[in-house]
Amino acid sequence: MSLEVRGLHAGYGRLAVLHGIDLTAGEGELVAVIGANGAGKSTLLRALSGLLPVTSGTVHLAGTDVTGYGPEKLARTGLAHVPENRLVFPSLSVADNLVLGGYTRRRGPASARKEARDRAMALFPRLEPRLEQAAGTLSGGEQQMLAIARGLMAQPRVLVLDEPSVGLAPRLVGEIFSALGKLRDDGLTLVVVEQNARAAFAVADRVSVMDRGRVVLEGDPAALSTDPRVSGGFLGGGFAADADATTEAAPATGATRAADRR
């Protein structure tokens with residue numbers, strides 16, 4: 001399922017945060033969104049997943065206009081959101097967290113729910129022996145795995161994730177991003193907001209750079225990694241972007257590469 005965002009404006013009351021965001025993620029493509037704190041990255045995901053009203057612009061899933069859909073309707077349509085800081089239900093077991101993740105699919109066939117859980121357990125095998133353990137007693141990395149697994153229980157075709165590496169040791173960051181790469185290779189469309197640019201660049205098909213509520217650069221990660229505005233700002237140094245215009249650093253070849261994988 002493809003995701004297409006055009007001219008998206010959103011904010012908090014009178015505070016406008018997003019100023020005409022354009023973003024596309026093709027089916028089976030992983031798009032990383034990077035930017036400094038306050039760039040509007042989390043606000044973008046909240047607007048995409050119906051947690052924040054869109055003031056103007058459009059959001060399309062597989063060509064269907066879903067602008068203004070609430071979170072539950074979007075989840076039923078095929079978009080799931082894994083929030084920042086994991087936000088698992090700490091007093092509930094791992095198994096119960098997974099059940100809640102599949103709430104919007106509760107009227108569907110049990111076989112589909114079992115398939116979703118089996119997929120999640122295969123992706124994060126360290127969760128399986130902890131199914132009866134309270135989620136709050138898991139390590140930070142295990143809670144992040146659970147948060148992603150819970151999102152997969154909604155059987156999404158588009159998964160958006162907010163800072164999946166935050167607070168994790170480098171080894172666990174590698175495990176998380178390896179799992180995201182496997183999901184992408186299986187045909188899932190992903191939009192990943194991330195401050196760890198090195199981890200994001202390693203698996204992304206395309207990268208969008210946000211600054212002050214706008215996409216100011218976008219392109220292939222290999223090309224962007226040599227752009228001084230990116231290599232200086234996110235791979236060491238300082239970032240200075242022209243917020244008045246979006247620059248395409250290189251042809252967006254991620255969709256082609258995703259198609260080649262399929």
# chains A, B, ... in the order shown; residues from 1 in each chain; ligands from 1
call {"tool": "select_by_dssp", "arguments": {"residues": "region 31-77 of chain A", "states": "alpha helix (DSSP H)", "output": "JSON, numbers by chain"}}
result
{"A": [41, 42, 43, 44, 45, 46, 47, 48, 71, 72, 73, 74, 75, 76, 77]}
call {"tool": "write_last_selection", "arguments": {"atoms": "N, CA and C atoms", "output": "mmCIF file, in the first residue's frame"}}
result
data_model
loop_
_atom_site.group_PDB
_atom_site.id
_atom_site.type_symbol
_atom_site.label_atom_id
_atom_site.label_comp_id
_atom_site.auth_asym_id
_atom_site.auth_seq_id
_atom_site.Cartn_x
_atom_site.Cartn_y
_atom_site.Cartn_z
ATOM 1 N N LYS A 41 8.742 16.457 13.145
ATOM 2 C CA LYS A 41 8.688 15.049 12.710
ATOM 3 C C LYS A 41 7.573 14.277 13.413
ATOM 4 N N SER A 42 7.508 14.381 14.733
ATOM 5 C CA SER A 42 6.464 13.662 15.479
ATOM 6 C C SER A 42 5.084 14.209 15.144
ATOM 7 N N THR A 43 4.996 15.511 14.939
ATOM 8 C CA THR A 43 3.727 16.121 14.552
ATOM 9 C C THR A 43 3.256 15.546 13.222
ATOM 10 N N LEU A 44 4.189 15.326 12.303
ATOM 11 C CA LEU A 44 3.839 14.731 11.013
ATOM 12 C C LEU A 44 3.202 13.357 11.206
ATOM 13 N N LEU A 45 3.809 12.510 12.038
ATOM 14 C CA LEU A 45 3.249 11.176 12.242
ATOM 15 C C LEU A 45 1.892 11.230 12.927
ATOM 16 N N ARG A 46 1.748 12.144 13.877
ATOM 17 C CA ARG A 46 0.441 12.265 14.543
ATOM 18 C C ARG A 46 -0.640 12.695 13.566
ATOM 19 N N ALA A 47 -0.289 13.577 12.644
ATOM 20 C CA ALA A 47 -1.266 13.996 11.636
ATOM 21 C C ALA A 47 -1.589 12.843 10.684
ATOM 22 N N LEU A 48 -0.576 12.072 10.309
ATOM 23 C CA LEU A 48 -0.805 10.952 9.394
ATOM 24 C C LEU A 48 -1.704 9.894 10.018
ATOM 25 N N PRO A 71 -8.021 7.705 14.253
ATOM 26 C CA PRO A 71 -7.027 6.639 14.403
ATOM 27 C C PRO A 71 -7.578 5.235 14.171
ATOM 28 N N GLU A 72 -8.770 4.938 14.711
ATOM 29 C CA GLU A 72 -9.305 3.581 14.564
ATOM 30 C C GLU A 72 -9.648 3.280 13.117
ATOM 31 N N LYS A 73 -10.244 4.261 12.438
ATOM 32 C CA LYS A 73 -10.601 4.041 11.037
ATOM 33 C C LYS A 73 -9.354 3.885 10.184
ATOM 34 N N LEU A 74 -8.318 4.667 10.480
ATOM 35 C CA LEU A 74 -7.065 4.526 9.751
ATOM 36 C C LEU A 74 -6.440 3.159 9.997
ATOM 37 N N ALA A 75 -6.517 2.688 11.249
ATOM 38 C CA ALA A 75 -5.978 1.364 11.556
ATOM 39 C C ALA A 75 -6.718 0.285 10.777
ATOM 40 N N ARG A 76 -8.039 0.416 10.682
ATOM 41 C CA ARG A 76 -8.808 -0.562 9.900
ATOM 42 C C ARG A 76 -8.478 -0.463 8.412
ATOM 43 N N THR A 77 -8.128 0.759 7.959
ATOM 44 C CA THR A 77 -7.790 0.966 6.554
ATOM 45 C C THR A 77 -6.423 0.396 6.216
#
call {"tool": "closest_atom_pairs", "arguments": {"of": "region 9-59 of chain A", "to": "region 171-187 of chain A", "cutoff": "8 Å", "atoms": "only C-alpha atoms", "output": "JSON lines"}}
result
{"residue": "A:Glu27", "atom": "CA", "partner": "A:Gly187", "partner_atom": "CA", "distance": 6.7}
{"residue": "A:Gly28", "atom": "CA", "partner": "A:Gly187", "partner_atom": "CA", "distance": 4.1}
{"residue": "A:Glu29", "atom": "CA", "partner": "A:Arg184", "partner_atom": "CA", "distance": 6.1}
{"residue": "A:Leu30", "atom": "CA", "partner": "A:Arg184", "partner_atom": "CA", "distance": 6.2}
call {"tool": "closest_residue", "arguments": {"among": "A:Val33, A:Ala95, A:Leu100, A:Met153", "to": "Gly219 (chain A)", "atoms": "only C-alpha atoms"}}
result
A:Val33
call {"tool": "select_by_dssp", "arguments": {"residues": "region 29-259 of chain A", "states": "strand (DSSP E or B)", "output": "tab-separated table (two decimals) with C-alpha atoms, in the first residue's frame"}}
result
chain	number	residue	atom	x	y	z
A	30	LEU	CA	11.14	2.44	3.73
A	31	VAL	CA	11.27	6.23	3.93
A	32	ALA	CA	13.27	7.77	6.77
A	33	VAL	CA	12.40	11.24	8.06
A	34	ILE	CA	15.21	12.97	9.90
A	35	GLY	CA	15.58	16.42	11.43
A	54	VAL	CA	-5.10	18.23	9.46
A	55	THR	CA	-5.82	21.90	8.76
A	56	SER	CA	-5.19	21.60	5.01
A	57	GLY	CA	-3.63	19.25	2.52
A	58	THR	CA	-4.37	15.59	1.81
A	59	VAL	CA	-3.33	12.10	2.84
A	60	HIS	CA	-3.93	9.17	0.49
A	61	LEU	CA	-3.49	5.45	1.15
A	64	THR	CA	-7.90	6.59	-1.32
A	65	ASP	CA	-8.27	9.97	0.35
A	79	LEU	CA	-2.08	2.28	8.76
A	80	ALA	CA	-0.55	1.61	12.17
A	81	HIS	CA	1.46	4.01	14.36
A	82	VAL	CA	4.25	2.95	16.74
A	93	SER	CA	1.39	-9.08	29.96
A	134	ALA	CA	4.38	-7.93	32.55
A	158	VAL	CA	1.69	0.99	6.17
A	159	LEU	CA	3.61	1.27	9.45
A	160	VAL	CA	4.82	4.63	10.78
A	161	LEU	CA	7.32	4.65	13.64
A	162	ASP	CA	8.46	7.52	15.85
A	189	THR	CA	5.54	0.23	3.58
A	190	LEU	CA	7.33	2.08	6.40
A	191	VAL	CA	7.83	5.72	7.36
A	192	VAL	CA	10.42	5.98	10.13
A	193	VAL	CA	11.06	9.22	12.02
A	206	ARG	CA	14.72	7.36	0.53
A	207	VAL	CA	15.30	10.06	3.12
A	208	SER	CA	13.39	13.27	3.78
A	209	VAL	CA	15.02	15.98	5.90
A	210	MET	CA	12.68	18.23	7.88
A	211	ASP	CA	13.43	21.66	9.30
A	214	ARG	CA	9.02	21.74	6.09
A	215	VAL	CA	10.74	19.09	4.01
A	216	VAL	CA	13.92	20.86	2.93
A	217	LEU	CA	15.85	17.98	1.34
A	218	GLU	CA	14.89	14.60	-0.03
A	219	GLY	CA	16.61	11.91	-2.02
A	247	THR	CA	15.90	20.59	-2.76
A	248	GLU	CA	15.99	17.16	-4.31
call {"tool": "residues_around", "arguments": {"residues": "region 115-119 of chain A", "least_positions_apart": "6", "cutoff": "8 Å", "atoms": "only C-alpha atoms", "output": "number ranges by chain"}}
result
A: 98, 149, 152-155
call {"tool": "decode", "arguments": {"residues": "region 101-114 of chain A", "atoms": "N, CA, C and O atoms", "output": "short mmCIF file (atom, residue, chain, number, x, y, z; two decimals), in the first residue's frame"}}
result
data_model
loop_
_atom_site.label_atom_id
_atom_site.label_comp_id
_atom_site.auth_asym_id
_atom_site.auth_seq_id
_atom_site.Cartn_x
_atom_site.Cartn_y
_atom_site.Cartn_z
N GLY A 101 -3.18 -4.69 20.51
CA GLY A 101 -2.71 -4.18 19.22
C GLY A 101 -3.59 -4.63 18.07
O GLY A 101 -3.72 -3.94 17.06
N GLY A 102 -4.22 -5.78 18.21
CA GLY A 102 -5.10 -6.29 17.16
C GLY A 102 -6.56 -5.95 17.36
O GLY A 102 -7.43 -6.57 16.73
N TYR A 103 -6.86 -4.97 18.20
CA TYR A 103 -8.26 -4.67 18.56
C TYR A 103 -9.11 -4.35 17.33
O TYR A 103 -10.25 -4.81 17.22
N THR A 104 -8.55 -3.57 16.39
CA THR A 104 -9.35 -3.20 15.22
C THR A 104 -9.62 -4.38 14.30
O THR A 104 -10.46 -4.29 13.41
N ARG A 105 -8.91 -5.51 14.51
CA ARG A 105 -9.11 -6.70 13.68
C ARG A 105 -9.83 -7.80 14.45
O ARG A 105 -9.84 -8.96 14.02
N ARG A 106 -10.44 -7.45 15.57
CA ARG A 106 -11.02 -8.46 16.46
C ARG A 106 -12.18 -9.20 15.80
O ARG A 106 -12.50 -10.32 16.20
N ARG A 107 -12.83 -8.58 14.82
CA ARG A 107 -13.95 -9.25 14.15
C ARG A 107 -13.50 -10.03 12.92
O ARG A 107 -14.32 -10.65 12.26
N GLY A 108 -12.23 -9.97 12.63
CA GLY A 108 -11.70 -10.72 11.50
C GLY A 108 -11.44 -12.16 11.87
O GLY A 108 -11.64 -12.59 13.01
N PRO A 109 -10.99 -12.95 10.92
CA PRO A 109 -10.75 -14.37 11.19
C PRO A 109 -9.63 -14.57 12.20
O PRO A 109 -8.61 -13.87 12.18
N ALA A 110 -9.81 -15.54 13.08
CA ALA A 110 -8.80 -15.85 14.09
C ALA A 110 -7.49 -16.27 13.45
O ALA A 110 -6.41 -16.01 13.99
N SER A 111 -7.57 -16.89 12.28
CA SER A 111 -6.36 -17.34 11.59
C SER A 111 -5.46 -16.15 11.21
O SER A 111 -4.23 -16.25 11.25
N ALA A 112 -6.09 -15.03 10.85
CA ALA A 112 -5.31 -13.84 10.48
C ALA A 112 -4.62 -13.25 11.70
O ALA A 112 -3.47 -12.79 11.62
N ARG A 113 -5.31 -13.27 12.85
CA ARG A 113 -4.69 -12.76 14.07
C ARG A 113 -3.53 -13.66 14.50
O ARG A 113 -2.49 -13.18 14.94
N LYS A 114 -3.72 -14.96 14.35
CA LYS A 114 -2.64 -15.89 14.69
C LYS A 114 -1.45 -15.70 13.76
O LYS A 114 -0.28 -15.71 14.20
#
